[in-house]
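What follows is the content of upload08.cif (mmCIF, C-alpha atoms and all ligand atoms).
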data_coords
loop_
_atom_site.label_atom_id
_atom_site.label_comp_id
_atom_site.auth_asym_id
_atom_site.auth_seq_id
_atom_site.Cartn_x
_atom_site.Cartn_y
_atom_site.Cartn_z
CA MET A 1 124.91 72.68 121.87
CA PRO A 2 125.97 69.31 120.38
CA LYS A 3 128.13 69.51 117.24
CA ASN A 4 125.91 67.50 114.92
CA LEU A 5 122.37 68.63 115.57
CA GLN A 6 119.78 66.03 114.62
CA ILE A 7 117.18 68.52 113.42
CA LYS A 8 114.40 67.26 111.16
CA PRO A 9 114.51 69.45 108.02
CA LEU A 10 111.29 71.28 107.18
CA SER A 11 111.04 69.27 103.96
CA GLU A 12 110.51 66.18 106.16
CA TRP A 13 107.82 67.69 108.39
CA GLU A 14 104.49 66.07 107.59
CA GLU A 15 103.04 69.53 107.05
CA TYR A 16 105.55 70.75 104.45
CA ASN A 17 104.34 71.62 100.94
CA GLY A 18 107.27 73.64 99.61
CA ARG A 19 108.80 77.06 100.09
CA PRO A 20 107.57 79.36 101.49
CA PHE A 21 106.08 77.29 104.29
CA VAL A 22 103.07 79.39 105.31
CA VAL A 23 101.64 79.51 108.82
CA ALA A 24 98.55 81.72 108.89
CA GLY A 25 95.58 82.44 111.09
CA PRO A 26 94.26 84.99 113.51
CA CYS A 27 96.33 86.71 116.16
CA SER A 28 93.75 85.39 118.64
CA ALA A 29 91.00 82.80 118.51
CA GLU A 30 87.96 84.91 119.43
CA SER A 31 84.89 82.77 118.76
CA GLU A 32 84.08 79.47 117.11
CA LYS A 33 82.60 81.32 114.15
CA GLN A 34 85.65 83.52 113.66
CA VAL A 35 88.03 80.54 113.88
CA MET A 36 85.99 78.42 111.46
CA GLU A 37 85.42 81.18 108.90
CA THR A 38 89.07 82.18 108.94
CA ALA A 39 90.27 78.58 108.63
CA LEU A 40 87.86 77.84 105.76
CA GLY A 41 88.90 81.09 104.06
CA LEU A 42 92.55 80.12 104.33
CA LYS A 43 91.84 76.65 103.02
CA LYS A 44 90.00 78.16 100.05
CA ALA A 45 92.81 80.63 99.28
CA GLY A 46 94.95 77.51 99.16
CA ARG A 47 98.39 78.69 100.26
CA THR A 48 98.36 77.93 103.96
CA ASP A 49 100.30 74.95 105.31
CA MET A 50 99.44 75.37 108.98
CA LEU A 51 96.77 77.17 110.97
CA ARG A 52 97.84 79.44 113.83
CA ALA A 53 95.86 81.12 116.61
CA GLY A 54 96.62 82.54 120.03
CA ILE A 55 94.54 81.06 122.85
CA TRP A 56 96.45 82.62 125.75
CA LYS A 57 97.64 86.09 124.79
CA PRO A 58 100.59 87.82 126.44
CA ARG A 59 99.40 91.44 126.53
CA THR A 60 101.58 94.39 127.46
CA ARG A 61 98.96 95.90 129.78
CA PRO A 62 96.30 94.15 131.86
CA ASN A 63 92.59 94.56 131.17
CA SER A 64 92.98 94.02 127.43
CA PHE A 65 91.77 90.87 125.70
CA GLU A 66 93.89 88.04 127.10
CA GLY A 67 92.63 85.22 124.93
CA VAL A 68 89.73 82.80 125.26
CA GLY A 69 91.80 80.10 126.99
CA SER A 70 91.35 76.34 126.64
CA LYS A 71 87.85 76.53 125.16
CA GLY A 72 89.44 77.85 121.94
CA LEU A 73 91.20 74.51 121.56
CA SER A 74 88.00 72.69 120.67
CA TRP A 75 87.24 75.31 117.98
CA LEU A 76 90.71 74.79 116.54
CA LYS A 77 90.32 71.02 116.64
CA LYS A 78 87.11 71.38 114.66
CA ALA A 79 88.85 73.72 112.18
CA LYS A 80 91.58 71.12 111.72
CA LYS A 81 89.02 68.40 111.13
CA GLU A 82 87.15 70.43 108.50
CA THR A 83 90.16 71.83 106.63
CA GLY A 84 92.83 69.20 107.19
CA LEU A 85 95.21 71.99 108.21
CA PRO A 86 97.60 71.13 111.05
CA LEU A 87 97.56 73.42 114.07
CA THR A 88 99.98 75.61 115.95
CA ILE A 89 99.33 77.65 119.09
CA GLU A 90 101.46 79.68 121.50
CA VAL A 91 102.38 78.08 124.82
CA ALA A 92 103.92 80.01 127.69
CA ASN A 93 103.90 77.52 130.59
CA ALA A 94 103.60 73.80 131.38
CA THR A 95 99.79 73.88 131.72
CA HIS A 96 99.50 75.32 128.20
CA VAL A 97 101.70 72.49 126.90
CA TYR A 98 99.58 69.77 128.53
CA GLU A 99 96.37 71.35 127.23
CA ALA A 100 97.78 71.67 123.69
CA LEU A 101 99.02 68.06 123.65
CA LYS A 102 95.66 66.82 124.94
CA PHE A 103 93.92 68.47 121.96
CA GLY A 104 96.37 67.11 119.39
CA VAL A 105 97.98 70.42 118.47
CA ASP A 106 100.72 69.56 115.95
CA VAL A 107 103.23 72.29 116.59
CA LEU A 108 103.67 74.57 119.61
CA TRP A 109 105.26 77.99 119.43
CA LEU A 110 107.15 79.96 122.02
CA GLY A 111 106.33 83.66 121.94
CA ALA A 112 108.96 86.39 122.01
CA ARG A 113 108.36 87.21 125.67
CA THR A 114 108.66 83.55 126.62
CA THR A 115 111.93 83.01 124.73
CA ALA A 116 113.33 85.93 126.73
CA ASN A 117 112.60 84.05 129.98
CA PRO A 118 114.81 80.98 130.62
CA PHE A 119 112.64 79.82 133.58
CA ALA A 120 109.56 79.67 131.36
CA VAL A 121 111.45 77.98 128.51
CA GLN A 122 112.83 75.35 130.89
CA GLU A 123 109.39 74.70 132.36
CA ILE A 124 108.01 74.20 128.85
CA ALA A 125 110.95 71.97 127.88
CA ASN A 126 110.34 69.77 130.94
CA ALA A 127 106.65 69.47 130.06
CA LEU A 128 107.61 68.47 126.51
CA GLU A 129 109.94 65.61 127.51
CA GLY A 130 109.10 62.65 125.27
CA ALA A 131 106.32 64.40 123.31
CA ASP A 132 106.13 64.02 119.54
CA VAL A 133 105.42 67.59 118.45
CA GLY A 134 107.14 70.35 116.55
CA VAL A 135 108.22 73.54 118.30
CA LEU A 136 108.68 76.95 116.70
CA ILE A 137 110.76 79.38 118.73
CA LYS A 138 110.29 83.10 118.20
CA ASN A 139 113.26 85.37 118.75
CA PRO A 140 113.34 87.00 122.20
CA VAL A 141 111.86 90.53 122.36
CA ASN A 142 115.33 91.92 123.00
CA PRO A 143 118.08 91.54 120.37
CA ASP A 144 119.99 88.81 122.19
CA LEU A 145 121.19 85.97 119.97
CA GLU A 146 122.50 83.88 122.88
CA LEU A 147 119.13 83.92 124.62
CA TRP A 148 117.56 82.63 121.41
CA VAL A 149 120.22 79.90 121.13
CA GLY A 150 119.65 79.05 124.81
CA ALA A 151 115.95 78.44 124.18
CA ILE A 152 116.78 76.14 121.25
CA GLU A 153 119.17 74.18 123.48
CA ARG A 154 116.56 73.73 126.21
CA ILE A 155 113.95 72.47 123.73
CA TYR A 156 116.48 70.26 121.94
CA GLN A 157 117.61 68.73 125.23
CA ALA A 158 113.98 67.75 125.90
CA GLY A 159 114.26 65.48 122.85
CA ILE A 160 112.33 67.65 120.36
CA ARG A 161 113.77 67.32 116.84
CA LYS A 162 111.17 69.19 114.81
CA ILE A 163 112.42 72.66 115.72
CA GLY A 164 111.94 75.84 113.69
CA LEU A 165 112.66 79.50 114.37
CA ILE A 166 110.54 82.60 113.82
CA HIS A 167 112.09 86.00 113.29
CA ARG A 168 109.50 88.52 114.60
CA GLY A 169 111.70 91.57 115.15
CA PHE A 170 112.96 93.30 118.29
CA SER A 171 111.33 95.90 120.47
CA THR A 172 112.80 99.40 120.85
CA TYR A 173 112.07 102.33 123.07
CA GLU A 174 112.03 104.73 120.12
CA LYS A 175 108.99 104.77 117.85
CA THR A 176 109.98 103.59 114.37
CA THR A 177 108.20 102.68 111.13
CA TYR A 178 108.25 99.10 112.35
CA ARG A 179 106.42 97.82 115.38
CA ASN A 180 109.49 95.68 116.04
CA LEU A 181 112.80 96.41 114.34
CA PRO A 182 113.78 93.60 111.97
CA GLN A 183 117.55 93.77 112.68
CA TRP A 184 118.03 91.27 109.85
CA GLN A 185 121.65 90.69 110.86
CA ILE A 186 120.45 88.68 113.87
CA PRO A 187 118.48 85.96 112.01
CA ILE A 188 121.23 85.98 109.37
CA GLU A 189 123.81 85.33 112.07
CA MET A 190 121.58 82.61 113.50
CA LYS A 191 121.26 81.01 110.05
CA SER A 192 125.01 80.86 109.71
CA ARG A 193 125.46 79.44 113.23
CA LEU A 194 122.70 76.86 113.07
CA PRO A 195 121.97 76.31 109.36
CA GLU A 196 120.08 73.07 110.08
CA ILE A 197 117.22 74.88 111.79
CA PRO A 198 114.46 76.22 109.51
CA MET A 199 113.83 79.95 109.77
CA LEU A 200 110.44 81.58 109.25
CA ASN A 201 109.72 85.29 109.20
CA ASP A 202 106.77 86.97 110.92
CA PRO A 203 106.14 90.19 108.98
CA SER A 204 102.94 90.83 110.97
CA HIS A 205 104.69 91.52 114.27
CA ILE A 206 107.69 93.20 112.62
CA GLY A 207 105.55 95.61 110.60
CA GLY A 208 102.60 96.02 112.93
CA ASP A 209 100.74 97.24 109.85
CA ALA A 210 99.15 95.34 106.97
CA ALA A 211 100.70 97.82 104.50
CA LEU A 212 104.23 96.66 105.38
CA LEU A 213 103.66 92.91 105.03
CA LEU A 214 104.62 92.49 101.38
CA ASP A 215 107.94 94.33 101.61
CA ILE A 216 109.03 92.48 104.70
CA SER A 217 107.95 89.09 103.33
CA GLN A 218 109.80 89.73 100.06
CA LYS A 219 112.93 90.67 101.95
CA ALA A 220 112.67 87.43 103.95
CA MET A 221 112.34 85.45 100.72
CA ASP A 222 115.35 87.28 99.24
CA LEU A 223 117.29 86.27 102.33
CA ASN A 224 116.29 82.65 101.78
CA PHE A 225 114.01 82.25 104.75
CA ASP A 226 112.08 78.99 104.64
CA GLY A 227 108.66 80.37 105.40
CA LEU A 228 106.32 82.99 106.79
CA MET A 229 103.98 83.30 109.74
CA ILE A 230 101.29 85.85 108.85
CA GLU A 231 98.28 86.88 110.89
CA SER A 232 95.02 86.53 109.00
CA HIS A 233 91.52 87.26 110.29
CA ILE A 234 88.19 86.89 108.51
CA ASN A 235 87.37 90.49 109.44
CA PRO A 236 90.51 92.32 110.62
CA LYS A 237 88.68 95.56 111.41
CA VAL A 238 86.91 93.98 114.37
CA ALA A 239 89.84 91.84 115.60
CA LEU A 240 90.23 91.85 119.38
CA SER A 241 94.03 92.01 119.13
CA ASP A 242 96.50 93.30 116.53
CA ALA A 243 93.72 94.58 114.22
CA LYS A 244 96.00 96.89 112.22
CA GLN A 245 98.35 94.17 111.08
CA GLN A 246 95.89 91.41 110.14
CA ILE A 247 94.71 90.70 106.61
CA THR A 248 91.86 88.61 105.25
CA PRO A 249 92.57 85.12 103.87
CA ALA A 250 91.90 86.44 100.34
CA GLU A 251 94.41 89.27 100.85
CA LEU A 252 96.91 86.73 102.09
CA GLY A 253 96.51 84.78 98.85
CA ILE A 254 97.16 87.95 96.82
CA LEU A 255 100.21 88.83 98.90
CA LEU A 256 101.71 85.37 98.47
CA ASP A 257 101.11 85.50 94.71
CA LYS A 258 103.07 88.75 94.52
CA LEU A 259 106.16 87.31 96.19
CA VAL A 260 109.06 86.80 93.84
CA LEU A 261 110.83 83.56 94.63
CA ARG A 262 114.28 82.89 93.31
CA SER A 263 114.77 79.47 91.84
CA PRO A 264 118.53 79.13 91.83
CA ARG A 265 119.98 76.08 90.13
CA PRO A 266 120.90 73.65 92.93
CA GLN A 267 124.66 73.99 92.43
CA ASP A 268 124.33 77.76 92.81
CA GLU A 269 122.20 77.73 95.90
CA ARG A 270 125.02 77.82 98.40
CA GLN A 271 126.73 80.70 96.61
CA LEU A 272 123.46 82.55 96.41
CA ASN A 273 122.90 82.12 100.14
CA VAL A 274 126.31 83.56 100.85
CA LEU A 275 125.64 86.58 98.61
CA GLU A 276 122.17 87.21 100.03
CA GLU A 277 123.44 87.04 103.56
CA LEU A 278 126.25 89.47 102.82
CA ARG A 279 123.83 91.84 101.07
CA GLY A 280 121.62 91.70 104.14
CA LYS A 281 124.59 92.79 106.20
CA ILE A 282 125.32 95.67 103.79
CA ASP A 283 121.68 96.84 103.97
CA TRP A 284 121.83 96.79 107.73
CA LEU A 285 125.11 98.72 107.80
CA ASP A 286 123.67 101.32 105.40
CA ASP A 287 120.69 101.77 107.71
CA GLN A 288 123.04 102.23 110.66
CA PHE A 289 125.06 104.75 108.63
CA LEU A 290 121.94 106.82 107.91
CA GLU A 291 120.91 106.71 111.53
CA LEU A 292 124.33 107.95 112.63
CA ILE A 293 124.19 110.83 110.17
CA GLU A 294 120.74 111.70 111.46
CA GLN A 295 122.02 111.72 115.05
CA ARG A 296 124.99 113.87 113.97
CA MET A 297 122.61 116.40 112.41
CA GLN A 298 120.60 116.55 115.60
CA VAL A 299 123.72 117.53 117.54
CA VAL A 300 124.64 120.03 114.81
CA GLU A 301 121.21 121.60 115.18
CA THR A 302 121.58 121.88 118.95
CA ILE A 303 124.89 123.66 118.38
CA GLY A 304 123.13 125.89 115.84
CA GLU A 305 120.52 126.93 118.41
CA TYR A 306 123.27 127.63 120.91
CA LYS A 307 125.24 129.76 118.42
CA LYS A 308 122.08 131.69 117.58
CA ARG A 309 121.30 132.47 121.23
CA ASN A 310 124.84 133.56 121.93
CA ASN A 311 125.44 135.41 118.70
CA ILE A 312 128.31 133.23 117.52
CA SER A 313 128.94 132.91 113.76
CA ILE A 314 128.11 129.61 112.10
CA LEU A 315 131.35 128.93 110.27
CA GLN A 316 134.18 128.14 112.66
CA ASN A 317 137.09 127.54 110.28
CA LYS A 318 139.61 126.29 112.79
CA ARG A 319 137.22 123.69 114.18
CA TRP A 320 136.39 122.49 110.68
CA GLU A 321 140.05 122.13 109.66
CA ASP A 322 140.69 120.06 112.77
CA ILE A 323 137.81 117.71 111.94
CA ILE A 324 139.00 117.14 108.39
CA TYR A 325 142.60 116.66 109.44
CA LYS A 326 141.76 114.15 112.18
CA SER A 327 139.33 112.23 109.98
CA ILE A 328 141.82 111.91 107.13
CA GLU A 329 144.40 110.52 109.55
CA LYS A 330 141.95 108.05 111.07
CA GLY A 331 140.53 107.08 107.67
CA ALA A 332 144.02 106.33 106.31
CA LYS A 333 144.54 103.82 109.13
CA LYS A 334 141.31 102.12 108.04
CA GLY A 335 142.42 101.92 104.41
CA LEU A 336 140.19 104.80 103.20
CA SER A 337 141.68 107.23 100.71
CA ARG A 338 142.38 110.86 101.59
CA GLU A 339 140.30 111.94 98.64
CA PHE A 340 137.29 109.91 99.75
CA ILE A 341 137.37 111.23 103.34
CA ASN A 342 137.82 114.76 102.10
CA ARG A 343 134.83 114.60 99.77
CA THR A 344 132.58 112.75 102.22
CA PHE A 345 133.28 115.04 105.14
CA LYS A 346 132.94 118.15 102.98
CA ALA A 347 129.48 116.98 101.96
CA ILE A 348 128.54 116.30 105.58
CA HIS A 349 129.91 119.68 106.63
CA GLN A 350 127.96 121.47 103.93
CA GLU A 351 124.76 119.74 105.02
CA SER A 352 125.49 120.72 108.64
CA ILE A 353 125.97 124.38 107.66
CA ASN A 354 122.69 124.30 105.74
CA HIS A 355 120.87 122.99 108.81
CA GLN A 356 122.40 125.68 111.01
CA MET A 357 121.59 128.41 108.48
CA GLU A 358 117.99 127.33 108.55
CA ILE A 359 117.96 127.63 112.31
CA LEU A 360 119.56 131.09 112.12
CA ASN A 361 117.00 132.25 109.57
CA GLY A 362 114.18 130.66 111.53
CA LYS A 363 113.12 128.42 108.64
CA PRO A 364 111.00 125.41 109.48
CA LYS A 365 112.88 122.12 109.17
CA GLU A 366 112.02 119.92 106.18
CA LYS A 367 110.95 116.55 107.47
C1 LIG A 401 101.58 86.39 118.27
O1 LIG A 401 102.11 85.68 117.41
O2 LIG A 401 100.37 86.69 118.26
C2 LIG A 401 102.43 86.98 119.34
C3 LIG A 401 101.96 87.32 120.52
O3 LIG A 401 103.66 87.13 118.91
P1 LIG A 401 105.04 87.62 119.62
O4 LIG A 401 105.35 86.62 120.66
O5 LIG A 401 105.98 87.62 118.47
O6 LIG A 401 104.80 89.00 120.16
MN MN A 402 99.51 89.08 117.30
#
Now that the file is in, can you turn its structure into structure tokens?
Amino acid sequence: MPKNLQIKPLSEWEEYNGRPFVVAGPCSAESEKQVMETALGLKKAGRTDMLRAGIWKPRTRPNSFEGVGSKGLSWLKKAKKETGLPLTIEVANATHVYEALKFGVDVLWLGARTTANPFAVQEIANALEGADVGVLIKNPVNPDLELWVGAIERIYQAGIRKIGLIHRGFSTYEKTTYRNLPQWQIPIEMKSRLPEIPMLNDPSHIGGDAALLLDISQKAMDLNFDGLMIESHINPKVALSDAKQQITPAELGILLDKLVLRSPRPQDERQLNVLEELRGKIDWLDDQFLELIEQRMQVVETIGEYKKRNNISILQNKRWEDIIYKSIEKGAKKGLSREFINRTFKAIHQESINHQMEILNGKPKEK
């Protein structure tokens, strides 16, 4: 990556109307009517800067709706003409790029599965050589910062200077509240490595549920993201893809009105960024801490079951003394006071005993 990136700031993109920069539209273009009604609804709600829609949809399993293909481009072109909203669509190979350029799409976006595939990104970069378009690059599906940086490099080397990033979360094997885990530390790290590149957040694919959109969007604003990409459909209930996470244009307007935007005085902005980024790291570490405690309790419960089956008493004093002793020694080397370790581990121990007692007494677990 060259030292001084010549990235065009979002404030100089023709489409920019202030923070947050809002990209909205359906997950998929489904019919001319659906595209037009959604676009007109978004125009009326008044907060959208750019219209999005998927024409070619990367679906996890075959035989689901895979997008309408190139014919959707003429519907989008018409929507642009009637609303004045610039367009963005997802491209995943060179043919998609040529089609999009032919129809005057303003900004292309690389989906999370594409960013994870250097062959595809390179093919797209080659097709983009010399084109005057913007490119938004979603994070790869897996939490790999270098892969994300690699995609930026490939697009940058093709001569594209209007580059933006979209944080859409990371897939996990475990089922969680989120469809894709936000792992905020990754976009935060990216923002500190490449501060010139605008960063949008996609709460729709992180949350996977309309009910989570506001919280995630607010968090992105608190972390000084530049904008949001939110899926909006004129009638989400009947959407052919991602129905649960889409909201109507009117609901989008309400959501955006609820967002609290900080307006730091300019001289404070840098300091505020630093603080917000550090707070993001603390939040992430706290989440990790809770997850570790949860995992510890699961092991404790397995031990509890074992003790019950084999008629062993719950409290094993010697074992407990060893744990406390070792932890105090280790903690001291990390600059943590004896008193703190003692109190913390006692609390954890007490909670562990409570869990094992419940198992012994056959009580159902509180969840
Ligand atoms: C989308 O934006 O509809 C999409 C497919 O997103 P992602 O690449 O983030 O899964
Ligand atoms: Mn989608």
_Nearby residues, ligand LIG 401 (chain A), 7 Å, only C-alpha atoms and all ligand atoms, as number ranges by chain_ = A: 27-28, 54, 57-58, 111-113, 138, 168, 205
Spatial neighbours of Glu90 in chain A, 8 Å, all atoms listed in the file, chain gap at least 3 places, as a short mmCIF file (atom, residue, chain, number, x, y, z; two decimals) with C-alpha atoms, keeping the file's coordinate frame:
data_model
loop_
_atom_site.label_atom_id
_atom_site.label_comp_id
_atom_site.auth_asym_id
_atom_site.auth_seq_id
_atom_site.Cartn_x
_atom_site.Cartn_y
_atom_site.Cartn_z
CA ALA A 53 95.86 81.12 116.61
CA GLY A 54 96.62 82.54 120.03
CA ILE A 55 94.54 81.06 122.85
CA TRP A 56 96.45 82.62 125.75
CA LEU A 108 103.67 74.57 119.61
CA TRP A 109 105.26 77.99 119.43
CA LEU A 110 107.15 79.96 122.02
CA GLY A 111 106.33 83.66 121.94
#
*From the list A:Gln271, A:Thr38, A:Gln350, A:Gln6, which residue is nearest Thr83 in chain A when using only C-alpha atoms?*
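Once distances to Thr83 in chain A are computed over only C-alpha atoms, the minimum belongs to A:Thr38.
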*Can I get the residues close to ligand MN 402 (chain A) as a PyMOL selection string, where close means within 12 Å and we count only C-alpha atoms and all ligand atoms?*
chain A and resi 24-29+52-60+65-67+89-90+111-112+168+179+202-209+229-233+236+239-247
*asked:* Residues within 12 Å of Gly362 in chain A, please, as a VMD selection string. Count all atoms listed in the file; anything in the same chain fewer than 4 positions from it doesn't count.
replied: chain A and resid 304 to 305 308 355 to 358
*Residue nearest Lys8 in chain A - candidates A:Arg338, A:His349, A:Gly159, A:Tyr306, atoms counted: all atoms listed in the file*: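 Ranked by minimum distance to Lys8 in chain A, first place goes to A:Gly159.
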*Do you know which residues are at most 6 Å from Val23 in chain A counting only C-alpha atoms, after dropping those on the same chain fewer than 5 positions away, and could you put them as number ranges by chain?*
A: 49-51, 229
*Can you tell me, as a list in words, what residues are no more than 10 Å from Asn201 in chain A when counting all atoms listed in the file, ignoring any on the same chain fewer than 6 positions away?*
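The residues satisfying every condition are Pro20, Val22, Val23, Lys138, Leu165, Ile166, His167, Arg168, Gly169, Pro182, Pro187, Ile216, Ser217, Lys219, Ala220, Met221, Phe225, Asp226, Gly227, Leu228, Met229 and Ile230 of chain A.
Considering the residues A:Leu252, A:Leu315, A:Val121, A:Leu261 and counting only C-alpha atoms, Ile303 in chain A has its shortest atom-to-atom contact with A:Leu315.
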*So what do you get for CA of Leu85 in chain A versus CA of Val133 in chain A, distance-wise?*
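Going from CA of Leu85 in chain A over to CA of Val133 in chain A covers 15.1 Å.
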*Contacts of range 91-106 of chain A at 7 Å (all atoms listed in the file; same-chain gap of 4+ positions) as an NGL selection string*: :A and (73 or 77 or 86-87 or 110 or 114 or 120 or 123-124 or 127 or 133-134)
_d(CA of Gly84 in chain A, CA of Leu40 in chain A) in Å_ = 10.1 Å
*asked:* Just the number, please: distance in Å from CA of Ile137 in chain A to CA of Gln218 in chain A, one decimal.
replied: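 The value is 21.4 Å.
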*Restricting the calculation to all atoms listed in the file, which member of A:Arg161, A:Asn354, A:Lys175, A:Tyr156 is positioned closest to Glu301 in chain A?*
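So, comparing all the options, the nearest one is A:Asn354.
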_Within 12 Å of (116.1, 75.6, 114.6) in the file's own coordinates, which protein, DNA or RNA residues have an atom, counting only C-alpha atoms? List them as a PyMOL selection string._
chain A and resi 1+5-10+134-139+148-156+160-167+187+190-200+226
I need the residues from that last selection saved to file as a PDB file, keeping the file's coordinate frame (with C-alpha atoms), if you can.
ATOM      1  CA  MET A   1     124.910  72.680 121.870  1.00  0.00           C
ATOM      2  CA  LEU A   5     122.370  68.630 115.570  1.00  0.00           C
ATOM      3  CA  GLN A   6     119.780  66.030 114.620  1.00  0.00           C
ATOM      4  CA  ILE A   7     117.180  68.520 113.420  1.00  0.00           C
ATOM      5  CA  LYS A   8     114.400  67.260 111.160  1.00  0.00           C
ATOM      6  CA  PRO A   9     114.510  69.450 108.020  1.00  0.00           C
ATOM      7  CA  LEU A  10     111.290  71.280 107.180  1.00  0.00           C
ATOM      8  CA  GLY A 134     107.140  70.350 116.550  1.00  0.00           C
ATOM      9  CA  VAL A 135     108.220  73.540 118.300  1.00  0.00           C
ATOM     10  CA  LEU A 136     108.680  76.950 116.700  1.00  0.00           C
ATOM     11  CA  ILE A 137     110.760  79.380 118.730  1.00  0.00           C
ATOM     12  CA  LYS A 138     110.290  83.100 118.200  1.00  0.00           C
ATOM     13  CA  ASN A 139     113.260  85.370 118.750  1.00  0.00           C
ATOM     14  CA  TRP A 148     117.560  82.630 121.410  1.00  0.00           C
ATOM     15  CA  VAL A 149     120.220  79.900 121.130  1.00  0.00           C
ATOM     16  CA  GLY A 150     119.650  79.050 124.810  1.00  0.00           C
ATOM     17  CA  ALA A 151     115.950  78.440 124.180  1.00  0.00           C
ATOM     18  CA  ILE A 152     116.780  76.140 121.250  1.00  0.00           C
ATOM     19  CA  GLU A 153     119.170  74.180 123.480  1.00  0.00           C
ATOM     20  CA  ARG A 154     116.560  73.730 126.210  1.00  0.00           C
ATOM     21  CA  ILE A 155     113.950  72.470 123.730  1.00  0.00           C
ATOM     22  CA  TYR A 156     116.480  70.260 121.940  1.00  0.00           C
ATOM     23  CA  ILE A 160     112.330  67.650 120.360  1.00  0.00           C
ATOM     24  CA  ARG A 161     113.770  67.320 116.840  1.00  0.00           C
ATOM     25  CA  LYS A 162     111.170  69.190 114.810  1.00  0.00           C
ATOM     26  CA  ILE A 163     112.420  72.660 115.720  1.00  0.00           C
ATOM     27  CA  GLY A 164     111.940  75.840 113.690  1.00  0.00           C
ATOM     28  CA  LEU A 165     112.660  79.500 114.370  1.00  0.00           C
ATOM     29  CA  ILE A 166     110.540  82.600 113.820  1.00  0.00           C
ATOM     30  CA  HIS A 167     112.090  86.000 113.290  1.00  0.00           C
ATOM     31  CA  PRO A 187     118.480  85.960 112.010  1.00  0.00           C
ATOM     32  CA  MET A 190     121.580  82.610 113.500  1.00  0.00           C
ATOM     33  CA  LYS A 191     121.260  81.010 110.050  1.00  0.00           C
ATOM     34  CA  SER A 192     125.010  80.860 109.710  1.00  0.00           C
ATOM     35  CA  ARG A 193     125.460  79.440 113.230  1.00  0.00           C
ATOM     36  CA  LEU A 194     122.700  76.860 113.070  1.00  0.00           C
ATOM     37  CA  PRO A 195     121.970  76.310 109.360  1.00  0.00           C
ATOM     38  CA  GLU A 196     120.080  73.070 110.080  1.00  0.00           C
ATOM     39  CA  ILE A 197     117.220  74.880 111.790  1.00  0.00           C
ATOM     40  CA  PRO A 198     114.460  76.220 109.510  1.00  0.00           C
ATOM     41  CA  MET A 199     113.830  79.950 109.770  1.00  0.00           C
ATOM     42  CA  LEU A 200     110.440  81.580 109.250  1.00  0.00           C
ATOM     43  CA  ASP A 226     112.080  78.990 104.640  1.00  0.00           C
TER      44      ASP A 226
END
Can you give me N, CA, C and O atoms for range 283-292 of chain A, written as a short mmCIF file (atom, residue, chain, number, x, y, z; two decimals), keeping the file's coordinate frame?
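Heads up, here's the output in out.cif:
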data_model
loop_
_atom_site.label_atom_id
_atom_site.label_comp_id
_atom_site.auth_asym_id
_atom_site.auth_seq_id
_atom_site.Cartn_x
_atom_site.Cartn_y
_atom_site.Cartn_z
N ASP A 283 122.91 96.03 103.77
CA ASP A 283 121.68 96.84 103.97
C ASP A 283 121.59 97.32 105.40
O ASP A 283 121.25 98.46 105.68
N TRP A 284 121.92 96.42 106.32
CA TRP A 284 121.83 96.79 107.73
C TRP A 284 122.85 97.88 108.04
O TRP A 284 122.55 98.87 108.71
N LEU A 285 124.07 97.71 107.52
CA LEU A 285 125.11 98.72 107.80
C LEU A 285 124.70 100.07 107.21
O LEU A 285 124.91 101.12 107.83
N ASP A 286 124.11 100.05 106.01
CA ASP A 286 123.67 101.32 105.40
C ASP A 286 122.61 102.00 106.28
O ASP A 286 122.62 103.21 106.45
N ASP A 287 121.71 101.19 106.82
CA ASP A 287 120.69 101.77 107.71
C ASP A 287 121.34 102.41 108.93
O ASP A 287 120.98 103.50 109.37
N GLN A 288 122.33 101.70 109.49
CA GLN A 288 123.04 102.23 110.66
C GLN A 288 123.73 103.53 110.30
O GLN A 288 123.74 104.50 111.07
N PHE A 289 124.34 103.57 109.10
CA PHE A 289 125.06 104.75 108.63
C PHE A 289 124.10 105.94 108.59
O PHE A 289 124.39 107.02 109.11
N LEU A 290 122.91 105.72 108.00
CA LEU A 290 121.94 106.82 107.91
C LEU A 290 121.49 107.28 109.29
O LEU A 290 121.33 108.48 109.54
N GLU A 291 121.33 106.33 110.18
CA GLU A 291 120.91 106.71 111.53
C GLU A 291 121.97 107.54 112.24
O GLU A 291 121.66 108.50 112.94
N LEU A 292 123.23 107.19 112.02
CA LEU A 292 124.33 107.95 112.63
C LEU A 292 124.37 109.38 112.08
O LEU A 292 124.55 110.34 112.82
#
